[in-house]
>>> print(open('query28.txt').read())   # compact mmCIF, C-alpha atoms (C1' of nucleotides)
# COMPACT_ATOMS: atom_id res chain seq x y z
CA MET X 1 26.85 -20.56 9.81
CA SER X 2 24.35 -20.90 6.94
CA TYR X 3 20.55 -21.03 6.75
CA SER X 4 17.91 -22.58 4.51
CA ILE X 5 15.14 -20.48 2.98
CA GLY X 6 12.71 -21.91 5.55
CA GLU X 7 14.93 -20.90 8.46
CA VAL X 8 15.31 -17.38 7.09
CA ALA X 9 11.57 -17.20 6.47
CA ASP X 10 10.92 -18.10 10.13
CA LYS X 11 13.53 -15.65 11.45
CA LEU X 12 12.19 -12.73 9.41
CA ALA X 13 8.47 -13.69 9.44
CA ILE X 14 8.43 -13.62 5.63
CA SER X 15 7.10 -16.60 3.66
CA PRO X 16 9.51 -18.70 1.55
CA TYR X 17 7.26 -17.80 -1.42
CA THR X 18 7.99 -14.15 -0.86
CA LEU X 19 11.73 -14.73 -0.47
CA ARG X 20 11.80 -16.64 -3.78
CA TYR X 21 9.78 -13.84 -5.37
CA TYR X 22 12.34 -11.31 -4.11
CA ASP X 23 15.11 -13.47 -5.52
CA LYS X 24 13.32 -13.64 -8.88
CA GLU X 25 13.08 -9.83 -8.86
CA GLY X 26 16.82 -9.55 -8.31
CA LEU X 27 16.81 -8.59 -4.63
CA LEU X 28 18.94 -11.51 -3.45
CA PRO X 29 21.91 -11.87 -5.85
CA PHE X 30 24.21 -12.33 -2.83
CA VAL X 31 22.62 -15.62 -1.71
CA ASP X 32 24.79 -18.70 -2.34
CA ARG X 33 23.54 -22.11 -3.51
CA ASN X 34 24.70 -25.56 -2.40
CA ALA X 35 25.60 -28.42 -4.75
CA ALA X 36 21.91 -29.32 -5.11
CA GLY X 37 20.96 -25.77 -6.12
CA ARG X 38 19.35 -24.88 -2.80
CA ARG X 39 19.74 -21.41 -1.33
CA ARG X 40 22.15 -21.09 1.59
CA PHE X 41 21.92 -17.74 3.38
CA LYS X 42 25.06 -16.50 5.18
CA ASP X 43 25.13 -14.45 8.40
CA ASN X 44 26.22 -11.39 6.45
CA ASP X 45 23.19 -11.77 4.14
CA PHE X 46 21.00 -10.62 7.02
CA ASN X 47 22.59 -7.19 6.69
CA PHE X 48 21.17 -7.01 3.17
CA LEU X 49 17.84 -8.52 4.23
CA GLU X 50 17.54 -5.92 7.00
CA VAL X 51 17.96 -3.15 4.43
CA ILE X 52 15.47 -4.78 2.06
CA ILE X 53 12.89 -5.04 4.83
CA CYS X 54 13.55 -1.46 5.93
CA LEU X 55 13.06 -0.14 2.40
CA LYS X 56 9.89 -2.19 2.01
CA GLU X 57 8.50 -0.74 5.26
CA ALA X 58 9.43 2.69 3.97
CA GLY X 59 7.18 2.00 0.99
CA VAL X 60 9.92 1.65 -1.63
CA PRO X 61 8.75 -0.51 -4.58
CA VAL X 62 10.48 -3.86 -5.08
CA LYS X 63 11.99 -2.74 -8.40
CA GLN X 64 13.69 0.24 -6.78
CA ILE X 65 15.02 -1.94 -3.97
CA GLY X 66 16.45 -4.14 -6.71
CA HIS X 67 18.23 -1.12 -8.11
CA PHE X 68 19.72 -0.35 -4.70
CA ILE X 69 20.94 -3.95 -4.35
CA ASP X 70 22.50 -3.67 -7.82
CA LEU X 71 24.41 -0.63 -6.57
CA CYS X 72 25.54 -2.59 -3.51
CA MET X 73 26.91 -5.41 -5.67
CA THR X 74 28.83 -3.01 -7.90
CA GLY X 75 31.19 -1.84 -5.19
CA ASP X 76 32.71 1.38 -3.88
CA ALA X 77 32.08 3.31 -7.11
CA THR X 78 28.40 3.50 -6.17
CA LEU X 79 28.75 4.71 -2.55
CA GLN X 80 27.50 8.17 -3.44
CA ASP X 81 24.52 6.76 -5.38
CA ARG X 82 23.62 4.56 -2.44
CA TYR X 83 23.87 7.48 -0.03
CA ASP X 84 21.67 9.62 -2.28
CA PHE X 85 19.14 6.80 -2.60
CA LEU X 86 18.79 6.48 1.16
CA ALA X 87 18.70 10.25 1.67
CA ASP X 88 15.93 10.51 -0.92
CA HIS X 89 13.82 7.86 0.77
CA GLU X 90 14.50 9.36 4.18
CA THR X 91 12.99 12.62 2.91
CA LYS X 92 10.00 10.81 1.43
CA LEU X 93 9.40 8.86 4.61
CA GLU X 94 9.53 12.02 6.70
CA ALA X 95 6.92 13.59 4.42
CA ASN X 96 4.79 10.47 4.63
CA MET X 97 4.96 10.48 8.42
CA ALA X 98 3.95 14.14 8.52
CA ARG X 99 0.96 13.26 6.34
CA LEU X 100 0.02 10.43 8.67
CA GLN X 101 0.22 12.80 11.63
CA HIS X 102 -2.41 15.00 9.97
CA THR X 103 -4.50 11.92 9.30
CA LEU X 104 -4.20 10.96 12.96
CA ASP X 105 -5.20 14.48 14.04
CA PHE X 106 -8.30 14.26 11.86
CA LEU X 107 -9.18 10.80 13.18
CA ARG X 108 -8.97 12.14 16.73
CA TRP X 109 -11.22 15.08 16.00
CA LYS X 110 -13.79 12.74 14.44
CA LYS X 111 -13.54 10.45 17.48
CA TRP X 112 -14.35 13.43 19.68
CA TYR X 113 -17.22 14.28 17.33
CA TYR X 114 -18.72 10.82 17.92
CA LYS X 115 -17.95 10.83 21.64
CA THR X 116 -19.94 14.02 22.08
CA ALA X 117 -22.74 12.77 19.82
CA LEU X 118 -22.81 9.54 21.82
CA GLN X 119 -23.07 11.44 25.11
CA ALA X 120 -25.93 13.51 23.67
CA GLY X 121 -27.60 10.37 22.31
CA THR X 122 -27.78 11.83 18.80
CA GLU X 123 -25.59 13.21 16.03
CA ARG X 124 -28.12 16.02 15.56
CA ILE X 125 -26.33 18.12 18.21
CA HIS X 126 -23.67 18.77 15.56
CA TYR X 127 -26.08 19.81 12.83
CA LEU X 128 -27.07 23.33 11.91
CA PRO X 129 -30.58 23.91 13.41
CA GLY X 130 -33.30 22.44 11.21
CA THR X 131 -30.86 20.78 8.77
CA ASN X 132 -28.90 17.56 8.28
CA GLN X 133 -25.71 19.46 7.69
CA VAL X 134 -22.80 19.44 10.09
CA ASP X 135 -22.15 22.84 11.66
CA PRO X 136 -18.65 23.92 10.56
CA ALA X 137 -18.26 25.55 13.98
CA VAL X 138 -18.06 22.10 15.60
CA HIS X 139 -14.57 21.48 14.25
CA ALA X 140 -13.58 24.96 15.39
CA THR X 141 -14.86 24.10 18.90
CA PHE X 142 -12.60 21.05 19.00
CA ASN X 143 -9.64 23.11 17.78
CA GLN X 144 -10.33 25.65 20.52
CA LEU X 145 -10.27 22.95 23.19
CA VAL X 146 -6.88 21.81 21.88
CA ALA X 147 -5.62 25.39 21.68
CA ASP X 148 -6.72 25.81 25.33
CA GLY X 149 -4.42 22.99 26.31
CA ALA X 150 -6.48 19.81 26.01
CA SER X 151 -4.72 16.76 24.61
CA PRO X 152 -6.06 15.79 21.17
CA LYS X 153 -4.98 12.23 21.93
CA THR X 154 -7.27 11.86 24.94
CA LEU X 155 -10.00 14.42 24.22
CA GLY X 156 -12.02 11.84 22.28
CA ASN X 157 -11.62 9.03 24.81
CA LEU X 158 -14.79 7.75 26.44
CA ASP X 159 -13.21 6.31 29.65
CA MET O 160 -24.47 24.99 -3.85
CA SER O 161 -23.87 21.75 -5.77
CA TYR O 162 -20.92 20.33 -7.70
CA SER O 163 -20.33 18.01 -10.66
CA ILE O 164 -18.05 14.99 -10.37
CA GLY O 165 -15.37 16.91 -12.30
CA GLU O 166 -15.50 19.86 -9.91
CA VAL O 167 -15.20 17.56 -6.90
CA ALA O 168 -12.37 15.67 -8.59
CA ASP O 169 -10.47 18.95 -9.07
CA LYS O 170 -11.12 20.13 -5.51
CA LEU O 171 -9.95 16.87 -3.93
CA ALA O 172 -7.24 15.97 -6.46
CA ILE O 173 -8.93 12.61 -7.07
CA SER O 174 -9.78 11.48 -10.61
CA PRO O 175 -13.45 11.19 -11.67
CA TYR O 176 -12.66 7.52 -12.42
CA THR O 177 -11.72 6.98 -8.81
CA LEU O 178 -14.80 8.80 -7.51
CA ARG O 179 -17.04 6.60 -9.68
CA TYR O 180 -15.15 3.55 -8.46
CA TYR O 181 -15.79 4.62 -4.86
CA ASP O 182 -19.45 5.10 -5.70
CA LYS O 183 -19.60 1.61 -7.25
CA GLU O 184 -18.07 0.23 -4.04
CA GLY O 185 -20.78 1.87 -1.95
CA LEU O 186 -18.74 4.75 -0.51
CA LEU O 187 -20.96 7.53 -1.87
CA PRO O 188 -24.61 6.59 -1.21
CA PHE O 189 -25.25 10.16 -0.02
CA VAL O 190 -24.61 11.76 -3.43
CA ASP O 191 -27.74 13.03 -5.20
CA ARG O 192 -28.47 12.78 -8.94
CA ASN O 193 -30.11 15.34 -11.19
CA ALA O 194 -32.96 14.58 -13.60
CA ALA O 195 -30.45 13.31 -16.20
CA GLY O 196 -28.85 10.87 -13.73
CA ARG O 197 -25.71 12.94 -13.18
CA ARG O 198 -24.11 13.14 -9.75
CA ARG O 199 -24.61 16.39 -7.87
CA PHE O 200 -22.43 16.71 -4.76
CA LYS O 201 -23.73 18.91 -1.92
CA ASP O 202 -21.58 21.01 0.45
CA ASN O 203 -22.30 18.61 3.28
CA ASP O 204 -21.02 15.71 1.15
CA PHE O 205 -17.51 17.06 1.63
CA ASN O 206 -17.76 16.10 5.30
CA PHE O 207 -18.17 12.48 4.19
CA LEU O 208 -15.49 12.80 1.52
CA GLU O 209 -13.07 14.20 4.11
CA VAL O 210 -13.62 11.14 6.27
CA ILE O 211 -13.24 8.79 3.31
CA ILE O 212 -9.95 10.42 2.35
CA CYS O 213 -8.75 10.34 5.96
CA LEU O 214 -9.52 6.63 6.28
CA LYS O 215 -7.81 5.93 2.95
CA GLU O 216 -4.68 7.76 4.13
CA ALA O 217 -4.85 5.76 7.34
CA GLY O 218 -4.61 2.64 5.19
CA VAL O 219 -8.19 1.41 5.71
CA PRO O 220 -9.33 -0.81 2.78
CA VAL O 221 -12.13 0.54 0.58
CA LYS O 222 -14.52 -2.24 1.70
CA GLN O 223 -14.13 -1.29 5.36
CA ILE O 224 -14.66 2.37 4.55
CA GLY O 225 -17.86 1.25 2.83
CA HIS O 226 -18.92 -0.42 6.06
CA PHE O 227 -18.30 2.79 7.99
CA ILE O 228 -20.37 4.78 5.49
CA ASP O 229 -23.16 2.20 5.87
CA LEU O 230 -23.10 2.87 9.60
CA CYS O 231 -23.29 6.61 8.94
CA MET O 232 -26.38 6.18 6.74
CA THR O 233 -28.15 4.06 9.36
CA GLY O 234 -28.44 6.82 11.93
CA ASP O 235 -27.95 7.36 15.66
CA ALA O 236 -28.25 3.64 16.50
CA THR O 237 -24.73 3.14 15.11
CA LEU O 238 -22.94 5.97 16.93
CA GLN O 239 -21.13 3.55 19.23
CA ASP O 240 -20.07 1.35 16.28
CA ARG O 241 -18.74 4.38 14.45
CA TYR O 242 -16.84 5.52 17.52
CA ASP O 243 -15.34 2.05 17.97
CA PHE O 244 -14.39 1.91 14.29
CA LEU O 245 -12.48 5.19 14.50
CA ALA O 246 -10.87 4.27 17.82
CA ASP O 247 -9.71 0.97 16.33
CA HIS O 248 -8.12 2.64 13.33
CA GLU O 249 -6.59 5.33 15.53
CA THR O 250 -4.81 2.55 17.45
CA LYS O 251 -3.68 0.87 14.23
CA LEU O 252 -2.41 4.13 12.79
CA GLU O 253 -0.45 4.88 15.97
CA ALA O 254 1.16 1.43 15.73
CA ASN O 255 1.93 1.99 12.07
CA MET O 256 3.55 5.35 12.82
CA ALA O 257 5.68 3.79 15.54
CA ARG O 258 6.80 1.17 13.03
CA LEU O 259 7.67 3.88 10.52
CA GLN O 260 9.70 5.68 13.18
CA HIS O 261 11.83 2.55 13.60
CA THR O 262 12.17 2.35 9.83
CA LEU O 263 13.29 5.98 9.76
CA ASP O 264 15.82 5.33 12.54
CA PHE O 265 17.26 2.44 10.54
CA LEU O 266 17.40 4.50 7.35
CA ARG O 267 19.35 7.18 9.22
CA TRP O 268 21.85 4.74 10.62
CA LYS O 269 22.43 3.34 7.13
CA LYS O 270 22.87 6.85 5.77
CA TRP O 271 25.55 7.43 8.36
CA TYR O 272 27.10 4.10 7.37
CA TYR O 273 27.42 5.32 3.76
CA LYS O 274 28.50 8.80 4.75
CA THR O 275 31.43 7.39 6.71
CA ALA O 276 32.25 4.89 3.94
CA LEU O 277 32.12 7.73 1.42
CA GLN O 278 34.50 9.83 3.53
CA ALA O 279 36.89 6.87 3.76
CA GLY O 280 36.54 6.22 0.04
CA THR O 281 35.56 2.58 0.62
CA GLU O 282 32.96 0.46 2.37
CA ARG O 283 35.78 -1.82 3.59
CA ILE O 284 36.28 0.38 6.66
CA HIS O 285 33.08 -1.22 8.01
CA TYR O 286 34.16 -4.83 7.34
CA LEU O 287 35.75 -7.20 9.80
CA PRO O 288 39.48 -7.29 8.94
CA GLY O 289 40.21 -9.63 6.05
CA THR O 290 36.51 -10.34 5.30
CA ASN O 291 33.60 -8.94 3.31
CA GLN O 292 31.35 -9.04 6.35
CA VAL O 293 30.09 -5.93 8.09
CA ASP O 294 31.44 -5.55 11.60
CA PRO O 295 28.45 -5.67 13.97
CA ALA O 296 30.26 -3.13 16.15
CA VAL O 297 29.68 -0.44 13.50
CA HIS O 298 25.98 -0.18 14.34
CA ALA O 299 26.90 -0.08 18.03
CA THR O 300 29.26 2.82 17.29
CA PHE O 301 26.43 4.75 15.68
CA ASN O 302 24.15 4.02 18.62
CA GLN O 303 26.85 5.26 21.00
CA LEU O 304 27.11 8.55 19.13
CA VAL O 305 23.35 8.97 19.48
CA ALA O 306 23.45 7.98 23.15
CA ASP O 307 26.18 10.63 23.63
CA GLY O 308 23.77 13.27 22.40
CA ALA O 309 24.25 13.41 18.61
CA SER O 310 21.11 13.87 16.53
CA PRO O 311 20.28 10.76 14.48
CA LYS O 312 18.53 13.06 12.02
CA THR O 313 21.68 15.02 11.14
CA LEU O 314 24.45 12.54 11.98
CA GLY O 315 24.30 11.06 8.49
CA ASN O 316 24.19 14.40 6.65
CA LEU O 317 27.10 15.18 4.34
CA ASP O 318 26.80 19.01 4.41
C1' DA J 319 15.39 -48.47 2.83
C1' DT J 320 11.66 -45.69 2.90
C1' DA J 321 8.37 -42.33 4.05
C1' DT J 322 7.98 -37.50 5.00
C1' DA J 323 9.18 -32.94 4.65
C1' DA J 324 11.65 -29.21 2.48
C1' DT J 325 13.34 -27.38 -1.47
C1' DC J 326 13.62 -26.23 -6.56
C1' DT J 327 11.59 -23.89 -11.12
C1' DA J 328 8.22 -22.15 -14.25
C1' DG J 329 4.31 -20.31 -14.58
C1' DA J 330 -0.60 -19.56 -13.25
C1' DG J 331 -3.85 -17.32 -9.99
C1' DT J 332 -5.19 -13.74 -6.62
C1' DT J 333 -6.26 -9.28 -4.67
C1' DA J 334 -6.76 -4.36 -4.20
C1' DA J 335 -7.26 -0.26 -6.13
C1' DC J 336 -7.52 1.85 -9.59
C1' DT J 337 -7.71 3.22 -14.78
C1' DC J 338 -9.49 3.16 -18.99
C1' DT J 339 -12.67 2.02 -23.16
C1' DA J 340 -16.88 1.97 -25.61
C1' DA J 341 -21.11 3.45 -26.60
C1' DG J 342 -24.37 6.42 -25.47
C1' DT J 343 -26.65 10.91 -23.13
C1' DC J 344 -26.73 15.67 -21.98
C1' DA J 345 -25.47 20.79 -21.60
C1' DA J 346 -23.23 25.14 -23.24
C1' DG J 347 -21.44 28.12 -26.67
C1' DC J 348 -21.47 29.78 -31.48
C1' DG A 349 -29.17 23.69 -35.06
C1' DC A 350 -24.72 21.81 -34.18
C1' DT A 351 -20.39 20.85 -32.25
C1' DT A 352 -17.68 20.11 -28.22
C1' DG A 353 -16.87 18.51 -23.92
C1' DA A 354 -18.53 16.50 -19.60
C1' DC A 355 -21.08 13.08 -17.99
C1' DT A 356 -23.33 8.07 -17.73
C1' DT A 357 -22.80 2.70 -17.38
C1' DA A 358 -20.85 -1.85 -17.86
C1' DG A 359 -17.14 -4.09 -18.16
C1' DA A 360 -12.27 -4.85 -19.57
C1' DG A 361 -7.32 -3.90 -18.60
C1' DT A 362 -3.45 -2.68 -15.55
C1' DT A 363 -0.12 -2.93 -11.84
C1' DA A 364 2.21 -4.40 -7.72
C1' DA A 365 3.10 -7.71 -4.67
C1' DC A 366 2.44 -11.52 -3.56
C1' DT A 367 0.63 -16.58 -3.33
C1' DC A 368 0.11 -20.84 -4.90
C1' DT A 369 0.38 -25.22 -8.03
C1' DA A 370 2.64 -28.89 -10.39
C1' DG A 371 6.12 -31.77 -11.00
C1' DA A 372 10.68 -32.90 -9.89
C1' DT A 373 14.59 -33.32 -6.59
C1' DT A 374 16.89 -33.64 -2.14
C1' DA A 375 17.42 -34.14 2.87
C1' DT A 376 15.83 -36.09 7.41
C1' DA A 377 13.99 -39.31 10.52
C1' DT A 378 12.55 -43.85 11.55
>>> encode(input="query28.txt", output="structure tokens")
Amino acid sequence: MSYSIGEVADKLAISPYTLRYYDKEGLLPFVDRNAAGRRRFKDNDFNFLEVIICLKEAGVPVKQIGHFIDLCMTGDATLQDRYDFLADHETKLEANMARLQHTLDFLRWKKWYYKTALQAGTERIHYLPGTNQVDPAVHATFNQLVADGASPKTLGNLD
Amino acid sequence: MSYSIGEVADKLAISPYTLRYYDKEGLLPFVDRNAAGRRRFKDNDFNFLEVIICLKEAGVPVKQIGHFIDLCMTGDATLQDRYDFLADHETKLEANMARLQHTLDFLRWKKWYYKTALQAGTERIHYLPGTNQVDPAVHATFNQLVADGASPKTLGNLD
DNA sequence: ATATAATCTAGAGTTAACTCTAAGTCAAGC
DNA sequence: GCTTGACTTAGAGTTAACTCTAGATTATAT
């Protein structure tokens, strides 16, 4: 079974432009061509494409993905390098996800901040008396609610 | 207490170039200037900067952050809009994190794939006999190990 | 047989988010 | 008083990852 660039583009929800760009950058050296010079993707090529998409999602730059594909084409001598590459990006992705969790926590606290302001009809309830400055104790209040068992995910919901 | 652009840059680990760029894009309308036209950041400005950094981490484009700051400057009439904005990006961030979790799962399975190939000395152990195609059953084998209670996080570790 | 649609390449254009340069102003230390 | 370093603006340059155009070729459907 073989597939044209358009069929692969549809299957993977990636434009043919992008696939050709990846090819130009050396990400698709495994793709065969027919007599007319057109790309013919094999079933096994999807194993490579899956990895390419995974690495892209993980935030790995195209050039580095190209390096990984180079290692793949070289053979068994590079198994350790390929393992190390994936282990490295696993670590980086874990760190990135931890960072995003903090970002999400902050977004939820701010949502609660606006929920309470909305219920009071004004943001002034969060200001230090007689100023336009946010009272630092407001964040502490939110943290206390969470510490007391409230769910940070739902605490800011209006319902 | 007030701070120069350099002091703020140091505190937030953002370059002065970037801070000026954010100002140019309308993200810092709240920053005062001294008689000489130099930016003087107030303590309360860090509340805005915290939100800006949070939204950036969440992947919100600079233009949209500018829109949120506009809402902030308009006053209590926009509290609902600001709440909706944060709730929307909370949802998007949750979806993004779920996507990254799938990416991480895939990265771990591939790490295990290379660990086992490395232990066998060749990637051929994962190929269908007499071919260069990966046996689809290999992924199923990994999934079975996880279903049987193994930790996907450590299954691919070499140790 | 012919029109339409898909593909090819080389190379130009786009977008976002910086990042820096140039030329000038201002503040602090000696 | 003078030098050094931080700051100002406008605008140019950079980078990554596409995204598209032009002109040619090939495959598909009537």
>>> calpha_fit_and_write(input="query28.txt", fixed="chain X", moving="chain O", output="CSV table (one decimal) with C-alpha atoms, in the coordinates of the input")
chain,number,residue,atom,x,y,z
O,160,MET,CA,26.9,-20.6,9.8
O,161,SER,CA,24.4,-20.9,6.9
O,162,TYR,CA,20.6,-21.1,6.7
O,163,SER,CA,18.0,-22.6,4.5
O,164,ILE,CA,15.2,-20.5,2.9
O,165,GLY,CA,12.8,-22.0,5.5
O,166,GLU,CA,15.0,-21.0,8.4
O,167,VAL,CA,15.4,-17.4,7.1
O,168,ALA,CA,11.6,-17.3,6.5
O,169,ASP,CA,11.0,-18.2,10.1
O,170,LYS,CA,13.5,-15.7,11.4
O,171,LEU,CA,12.2,-12.8,9.4
O,172,ALA,CA,8.5,-13.7,9.5
O,173,ILE,CA,8.5,-13.7,5.6
O,174,SER,CA,7.1,-16.7,3.7
O,175,PRO,CA,9.5,-18.7,1.5
O,176,TYR,CA,7.3,-17.8,-1.4
O,177,THR,CA,8.0,-14.2,-0.8
O,178,LEU,CA,11.7,-14.7,-0.5
O,179,ARG,CA,11.8,-16.6,-3.8
O,180,TYR,CA,9.8,-13.9,-5.3
O,181,TYR,CA,12.3,-11.3,-4.1
O,182,ASP,CA,15.1,-13.5,-5.5
O,183,LYS,CA,13.3,-13.7,-8.9
O,184,GLU,CA,13.1,-9.8,-8.8
O,185,GLY,CA,16.8,-9.5,-8.3
O,186,LEU,CA,16.8,-8.6,-4.6
O,187,LEU,CA,18.9,-11.5,-3.5
O,188,PRO,CA,21.9,-11.9,-5.9
O,189,PHE,CA,24.2,-12.3,-2.8
O,190,VAL,CA,22.7,-15.6,-1.7
O,191,ASP,CA,24.8,-18.7,-2.4
O,192,ARG,CA,23.6,-22.1,-3.5
O,193,ASN,CA,24.8,-25.5,-2.5
O,194,ALA,CA,25.7,-28.3,-4.8
O,195,ALA,CA,22.1,-29.3,-5.2
O,196,GLY,CA,21.0,-25.7,-6.2
O,197,ARG,CA,19.4,-24.9,-2.8
O,198,ARG,CA,19.8,-21.4,-1.4
O,199,ARG,CA,22.2,-21.1,1.6
O,200,PHE,CA,22.0,-17.8,3.4
O,201,LYS,CA,25.1,-16.5,5.2
O,202,ASP,CA,25.2,-14.5,8.4
O,203,ASN,CA,26.2,-11.4,6.4
O,204,ASP,CA,23.2,-11.8,4.1
O,205,PHE,CA,21.0,-10.6,7.0
O,206,ASN,CA,22.6,-7.2,6.7
O,207,PHE,CA,21.2,-7.0,3.2
O,208,LEU,CA,17.8,-8.5,4.2
O,209,GLU,CA,17.6,-5.9,7.0
O,210,VAL,CA,17.9,-3.2,4.5
O,211,ILE,CA,15.5,-4.8,2.1
O,212,ILE,CA,12.9,-5.1,4.9
O,213,CYS,CA,13.5,-1.5,6.0
O,214,LEU,CA,13.1,-0.2,2.4
O,215,LYS,CA,9.9,-2.2,2.0
O,216,GLU,CA,8.5,-0.8,5.3
O,217,ALA,CA,9.4,2.7,4.0
O,218,GLY,CA,7.2,2.0,1.0
O,219,VAL,CA,9.9,1.6,-1.6
O,220,PRO,CA,8.7,-0.5,-4.6
O,221,VAL,CA,10.4,-3.9,-5.0
O,222,LYS,CA,12.0,-2.8,-8.4
O,223,GLN,CA,13.7,0.2,-6.8
O,224,ILE,CA,15.0,-1.9,-4.0
O,225,GLY,CA,16.4,-4.2,-6.7
O,226,HIS,CA,18.2,-1.1,-8.1
O,227,PHE,CA,19.7,-0.4,-4.7
O,228,ILE,CA,20.9,-3.9,-4.3
O,229,ASP,CA,22.5,-3.7,-7.8
O,230,LEU,CA,24.4,-0.6,-6.6
O,231,CYS,CA,25.5,-2.6,-3.5
O,232,MET,CA,26.9,-5.4,-5.7
O,233,THR,CA,28.8,-3.0,-7.9
O,234,GLY,CA,31.2,-1.8,-5.2
O,235,ASP,CA,32.7,1.4,-3.9
O,236,ALA,CA,32.1,3.3,-7.1
O,237,THR,CA,28.4,3.5,-6.2
O,238,LEU,CA,28.7,4.7,-2.6
O,239,GLN,CA,27.5,8.2,-3.4
O,240,ASP,CA,24.5,6.8,-5.4
O,241,ARG,CA,23.6,4.6,-2.4
O,242,TYR,CA,23.8,7.5,0.0
O,243,ASP,CA,21.6,9.6,-2.3
O,244,PHE,CA,19.1,6.8,-2.6
O,245,LEU,CA,18.8,6.5,1.2
O,246,ALA,CA,18.7,10.2,1.7
O,247,ASP,CA,15.9,10.5,-0.9
O,248,HIS,CA,13.8,7.9,0.8
O,249,GLU,CA,14.5,9.4,4.2
O,250,THR,CA,13.0,12.6,2.9
O,251,LYS,CA,10.0,10.8,1.4
O,252,LEU,CA,9.4,8.8,4.6
O,253,GLU,CA,9.5,12.0,6.7
O,254,ALA,CA,6.9,13.6,4.4
O,255,ASN,CA,4.8,10.5,4.6
O,256,MET,CA,5.0,10.5,8.4
O,257,ALA,CA,3.9,14.1,8.5
O,258,ARG,CA,1.0,13.3,6.3
O,259,LEU,CA,0.0,10.4,8.7
O,260,GLN,CA,0.2,12.8,11.6
O,261,HIS,CA,-2.4,15.0,10.0
O,262,THR,CA,-4.5,11.9,9.3
O,263,LEU,CA,-4.2,11.0,13.0
O,264,ASP,CA,-5.2,14.5,14.1
O,265,PHE,CA,-8.3,14.2,11.9
O,266,LEU,CA,-9.2,10.8,13.2
O,267,ARG,CA,-9.0,12.2,16.7
O,268,TRP,CA,-11.2,15.1,16.0
O,269,LYS,CA,-13.8,12.7,14.5
O,270,LYS,CA,-13.6,10.5,17.5
O,271,TRP,CA,-14.4,13.5,19.7
O,272,TYR,CA,-17.2,14.3,17.3
O,273,TYR,CA,-18.7,10.8,17.9
O,274,LYS,CA,-18.0,10.8,21.6
O,275,THR,CA,-19.9,14.1,22.1
O,276,ALA,CA,-22.8,12.8,19.8
O,277,LEU,CA,-22.8,9.6,21.8
O,278,GLN,CA,-23.1,11.5,25.1
O,279,ALA,CA,-26.0,13.6,23.7
O,280,GLY,CA,-27.6,10.4,22.3
O,281,THR,CA,-27.8,11.9,18.8
O,282,GLU,CA,-25.6,13.2,16.0
O,283,ARG,CA,-28.1,16.1,15.5
O,284,ILE,CA,-26.3,18.2,18.2
O,285,HIS,CA,-23.7,18.8,15.6
O,286,TYR,CA,-26.1,19.8,12.8
O,287,LEU,CA,-27.1,23.4,11.9
O,288,PRO,CA,-30.5,23.9,13.4
O,289,GLY,CA,-33.3,22.5,11.2
O,290,THR,CA,-30.9,20.8,8.8
O,291,ASN,CA,-28.9,17.6,8.3
O,292,GLN,CA,-25.7,19.5,7.7
O,293,VAL,CA,-22.8,19.5,10.1
O,294,ASP,CA,-22.1,22.9,11.6
O,295,PRO,CA,-18.6,23.9,10.6
O,296,ALA,CA,-18.2,25.6,14.0
O,297,VAL,CA,-18.1,22.1,15.6
O,298,HIS,CA,-14.6,21.5,14.3
O,299,ALA,CA,-13.6,25.0,15.4
O,300,THR,CA,-14.9,24.1,18.9
O,301,PHE,CA,-12.6,21.1,19.0
O,302,ASN,CA,-9.6,23.1,17.8
O,303,GLN,CA,-10.3,25.7,20.5
O,304,LEU,CA,-10.3,23.0,23.2
O,305,VAL,CA,-6.9,21.8,21.9
O,306,ALA,CA,-5.6,25.4,21.7
O,307,ASP,CA,-6.7,25.8,25.3
O,308,GLY,CA,-4.4,23.0,26.3
O,309,ALA,CA,-6.5,19.8,26.0
O,310,SER,CA,-4.7,16.8,24.6
O,311,PRO,CA,-6.1,15.8,21.2
O,312,LYS,CA,-5.0,12.2,21.9
O,313,THR,CA,-7.3,11.9,25.0
O,314,LEU,CA,-10.0,14.4,24.2
O,315,GLY,CA,-12.0,11.9,22.3
O,316,ASN,CA,-11.6,9.0,24.8
O,317,LEU,CA,-14.8,7.8,26.5
O,318,ASP,CA,-13.2,6.4,29.7
>>> atom_distance(input="query28.txt", atom1="atom CA of X:Asp45", atom2="atom C1' of A:DT367")
24.2 Å
>>> interface_residues(input="query28.txt", of="chain J", to="chain X", cutoff="12 Å", atoms="all atoms listed in the file", output="list of chain:residue names")
J:DA323, J:DA324, J:DT325, J:DC326, J:DT327, J:DA328
>>> interface_residues(input="query28.txt", of="chain A", to="chain O", cutoff="10 Å", atoms="all atoms listed in the file", output="PDB file with C-alpha atoms (C1' of nucleotides), keeping the file's coordinate frame")
ATOM      1  C1'  DA A 354     -18.530  16.500 -19.600  1.00  0.00           C
ATOM      2  C1'  DC A 355     -21.080  13.080 -17.990  1.00  0.00           C
ATOM      3  C1'  DT A 356     -23.330   8.070 -17.730  1.00  0.00           C
TER       4       DT A 356
END
>>> closest_residue(input="query28.txt", among="O:Tyr176, O:Tyr273, O:Trp268, O:Tyr162", to="chain X", atoms="all atoms listed in the file")
O:Tyr273
>>> interface_residues(input="query28.txt", of="chain O", to="chain X", cutoff="9 Å", atoms="all atoms listed in the file", output="MDAnalysis selection string")
chainID O and resid 202:204 206 210 212:214 216:217 234:236 238:239 241:243 245:246 248:249 252:253 256 258:263 265:267 269:274 276:277 280:283 291:293 315:316
>>> atom_distance(input="query28.txt", atom1="atom CA of X:Pro61", atom2="atom CA of O:Leu186")
28.3 Å
>>> atom_distance(input="query28.txt", atom1="atom CA of X:Asp70", atom2="atom CA of X:Glu25")
11.3 Å
>>> residues_around(input="query28.txt", residues="J:DC338", least_positions_apart="5", cutoff="12 Å", atoms="all atoms listed in the file", output="number ranges by chain")
O: 174-177, 180; A: 359-362
